[in-house]
Amino acid sequence: MFSRFLKWERGCPRPQNPLYGVSKKQILSLLLSLLCICNSCSTTDQSVSAEPKHYIDPPKQKKIPVSTTALRVCADPNNLPFSNQEREGFENKIAELIAKQMKLPIEYTWFAQRRGFFRNTLRAGNCDLVIGAPEKFERADSTDPYYYSSYVFVSRRDRRLNVTSLDDPLLKNLKIGVQMIGDDATNTPPAHALSDRGIISNVVGYTVYGEYTEPNPPARIIDAVARKEVDIAVVWGPLAGYFAAKEPVSLDIRPVEPDPQAKLPYVFGISVAVRYGEDEFKQRLNQILVDNRDEIDRILNQYHVPRVPEPATKLDLEGGE
């Protein structure tokens, strides 16, 4: 198993999940953990506890009316560049844009992006939308994607590595940082791909969650590249672009080249999630996203979010709570 050979730093727990037999449910869980949600404007904030609630399959989603007096958004309070409680993330800014178009104030429900997020927030009726979610997954309906991003290679520009493919022979001799997700350190798609290629002993795992009491937990892997603790890292694009721009040294960011034989995708479309059955609300959001395409691109550029073309083939994602 790949996890047996990972070197762990900063007290990260050792991964336990096997490499093979990866389901689309795992893919969704991985991506959801890299995303966040949020908003800003005139706001009323509330927090919701994580008491377990009975899970209802999507087709049986209880009808919960969308608020007509506020744009109710569920968001992670500590997950830049996506969102935080100070409303500094790019999803906060996109939420502000949507609220302005709807002429509504924003109300937040803050909830850490962990297991049970959708079950305890959107599906429970504590909000009406999530600003950043994978397109076409099982636990919620979704708008058309408003951007596509990819895992990217991050390296110091002065190294001139210029790696774009997981098949690049340089990777066999470089110290490589990869992201791990969850308390059991589930492997991300690039980690699986590297293991498939026999690249194991020179890989270092960094948990995406990190120390949640500290600001910007996911930034540790980018810091490691800047400090030469690793030679190169493979990181989810929005995280890489945002934190790389804040480093004191110049970092090079290059999207991972698509691999038609890959077991897991490297490119994902990101949409706004809503409850099933809210077709009118979803279509209104779709129209706002289309009408404000230039402003959304401006926001994404401001946060250095790498974008890639829509992939020719996609997986329908299922699972995730």
# chains A, B, ... in the order shown; residues from 1 in each chain; ligands from 1
$ residues_around --residues "range 270-284 of chain A" --least-positions-apart "3" --cutoff "8 Å" --atoms "only C-alpha atoms" --output "ChimeraX atom specification"
/A:58-59,61,63,66,122-123,128-135,140-149,287-288
$ write_last_selection --atoms "C-alpha atoms" --output "mmCIF file, in the first residue's frame"
data_model
loop_
_atom_site.group_PDB
_atom_site.id
_atom_site.type_symbol
_atom_site.label_atom_id
_atom_site.label_comp_id
_atom_site.auth_asym_id
_atom_site.auth_seq_id
_atom_site.Cartn_x
_atom_site.Cartn_y
_atom_site.Cartn_z
ATOM 1 C CA PRO A 58 -31.219 12.739 -2.515
ATOM 2 C CA PRO A 59 -34.438 11.669 -4.302
ATOM 3 C CA GLN A 61 -34.939 15.271 -0.022
ATOM 4 C CA LYS A 63 -38.964 20.097 0.579
ATOM 5 C CA VAL A 66 -35.682 28.807 -0.337
ATOM 6 C CA LEU A 122 -27.714 22.426 2.940
ATOM 7 C CA ARG A 123 -29.786 19.254 3.113
ATOM 8 C CA ASP A 128 -30.043 27.372 0.559
ATOM 9 C CA LEU A 129 -26.771 27.196 -1.349
ATOM 10 C CA VAL A 130 -23.102 26.300 -1.186
ATOM 11 C CA ILE A 131 -20.895 28.486 -3.364
ATOM 12 C CA GLY A 132 -18.217 25.910 -4.182
ATOM 13 C CA ALA A 133 -19.141 22.283 -4.915
ATOM 14 C CA PRO A 134 -18.263 19.750 -7.620
ATOM 15 C CA GLU A 135 -20.623 19.652 -10.547
ATOM 16 C CA ALA A 140 -27.136 18.053 -3.950
ATOM 17 C CA ASP A 141 -28.203 19.531 -7.235
ATOM 18 C CA SER A 142 -25.797 21.974 -8.854
ATOM 19 C CA THR A 143 -25.649 24.849 -11.294
ATOM 20 C CA ASP A 144 -23.516 24.775 -14.393
ATOM 21 C CA PRO A 145 -19.822 25.051 -13.437
ATOM 22 C CA TYR A 146 -18.530 28.599 -13.146
ATOM 23 C CA TYR A 147 -14.917 27.469 -13.434
ATOM 24 C CA TYR A 148 -12.788 24.393 -14.050
ATOM 25 C CA SER A 149 -9.531 23.913 -12.205
ATOM 26 C CA GLN A 287 -28.468 33.123 -15.226
ATOM 27 C CA ILE A 288 -26.619 35.273 -12.678
#
$ residues_around --residues "Arg72 in chain A" --least-positions-apart "2" --cutoff "8 Å" --atoms "only C-alpha atoms" --output "PyMOL selection string"
chain A and resi 67+70+74+106-109+126-129
$ residues_around --residues "Phe90 in chain A" --least-positions-apart "3" --cutoff "7 Å" --atoms "only C-alpha atoms" --output "PDB file with N, CA and C atoms, in the first residue's frame"
ATOM      1  N   PRO A  81      -8.218  29.831   0.189  1.00  0.00           N
ATOM      2  CA  PRO A  81      -8.770  31.044  -0.415  1.00  0.00           C
ATOM      3  C   PRO A  81     -10.273  31.002  -0.676  1.00  0.00           C
ATOM      4  N   PHE A  82     -10.941  29.940  -0.241  1.00  0.00           N
ATOM      5  CA  PHE A  82     -12.353  29.784  -0.558  1.00  0.00           C
ATOM      6  C   PHE A  82     -13.229  30.662   0.330  1.00  0.00           C
ATOM      7  N   SER A  83     -13.125  30.483   1.642  1.00  0.00           N
ATOM      8  CA  SER A  83     -13.969  31.281   2.546  1.00  0.00           C
ATOM      9  C   SER A  83     -13.343  31.336   3.921  1.00  0.00           C
ATOM     10  N   LYS A  93     -16.688  36.534  -2.115  1.00  0.00           N
ATOM     11  CA  LYS A  93     -16.902  37.616  -3.080  1.00  0.00           C
ATOM     12  C   LYS A  93     -17.944  37.226  -4.121  1.00  0.00           C
ATOM     13  N   ILE A  94     -17.928  35.965  -4.534  1.00  0.00           N
ATOM     14  CA  ILE A  94     -18.933  35.508  -5.497  1.00  0.00           C
ATOM     15  C   ILE A  94     -20.311  35.499  -4.847  1.00  0.00           C
ATOM     16  N   ILE A 299     -12.708  38.132 -10.199  1.00  0.00           N
ATOM     17  CA  ILE A 299     -12.523  37.676  -8.822  1.00  0.00           C
ATOM     18  C   ILE A 299     -11.546  36.500  -8.781  1.00  0.00           C
ATOM     19  N   LEU A 300     -11.737  35.539  -9.663  1.00  0.00           N
ATOM     20  CA  LEU A 300     -10.852  34.372  -9.690  1.00  0.00           C
ATOM     21  C   LEU A 300      -9.417  34.778 -10.024  1.00  0.00           C
ATOM     22  N   TYR A 303      -7.575  36.174  -7.026  1.00  0.00           N
ATOM     23  CA  TYR A 303      -7.130  35.153  -6.080  1.00  0.00           C
ATOM     24  C   TYR A 303      -6.187  34.130  -6.727  1.00  0.00           C
TER      25      TYR A 303
END
$ closest_residue --among "A:Ile232, A:Val256, A:Ala226, A:Leu97" --to "Leu166 in chain A" --atoms "only C-alpha atoms"
A:Val256
$ select_by_dssp --residues "range 275-305 of chain A" --states "helix (DSSP H, G or I)" --output "list in words"
Asp279, Glu280, Phe281, Lys282, Gln283, Arg284, Leu285, Asn286, Gln287, Ile288, Leu289, Val290, Asp291, Arg293, Asp294, Glu295, Ile296, Asp297, Arg298, Ile299, Leu300, Asn301 and Gln302 of chain A
$ decode --residues "range 101-124 of chain A" --atoms "C-alpha atoms" --output "compact mmCIF listing (two decimals), in the first residue's frame"
# COMPACT_ATOMS: atom_id res chain seq x y z
CA GLN A 101 -28.00 40.66 -8.14
CA MET A 102 -30.82 39.20 -6.05
CA LYS A 103 -31.05 42.36 -3.93
CA LEU A 104 -30.82 40.32 -0.73
CA PRO A 105 -28.62 40.40 2.40
CA ILE A 106 -26.51 37.34 3.18
CA GLU A 107 -26.97 35.01 6.13
CA TYR A 108 -24.20 32.52 6.92
CA THR A 109 -24.24 29.16 8.58
CA TRP A 110 -20.61 28.38 9.50
CA PHE A 111 -19.61 24.73 9.47
CA ALA A 112 -16.19 23.14 8.97
CA GLN A 113 -15.81 21.37 5.63
CA ARG A 114 -15.65 17.86 7.05
CA ARG A 115 -17.65 14.66 6.92
CA GLY A 116 -21.35 15.42 7.17
CA PHE A 117 -21.07 18.95 5.81
CA PHE A 118 -23.90 18.76 3.26
CA ARG A 119 -26.06 16.57 5.46
CA ASN A 120 -25.90 19.02 8.36
CA THR A 121 -26.14 22.25 6.38
CA LEU A 122 -27.71 22.43 2.94
CA ARG A 123 -29.79 19.25 3.11
CA ALA A 124 -30.91 20.03 6.68
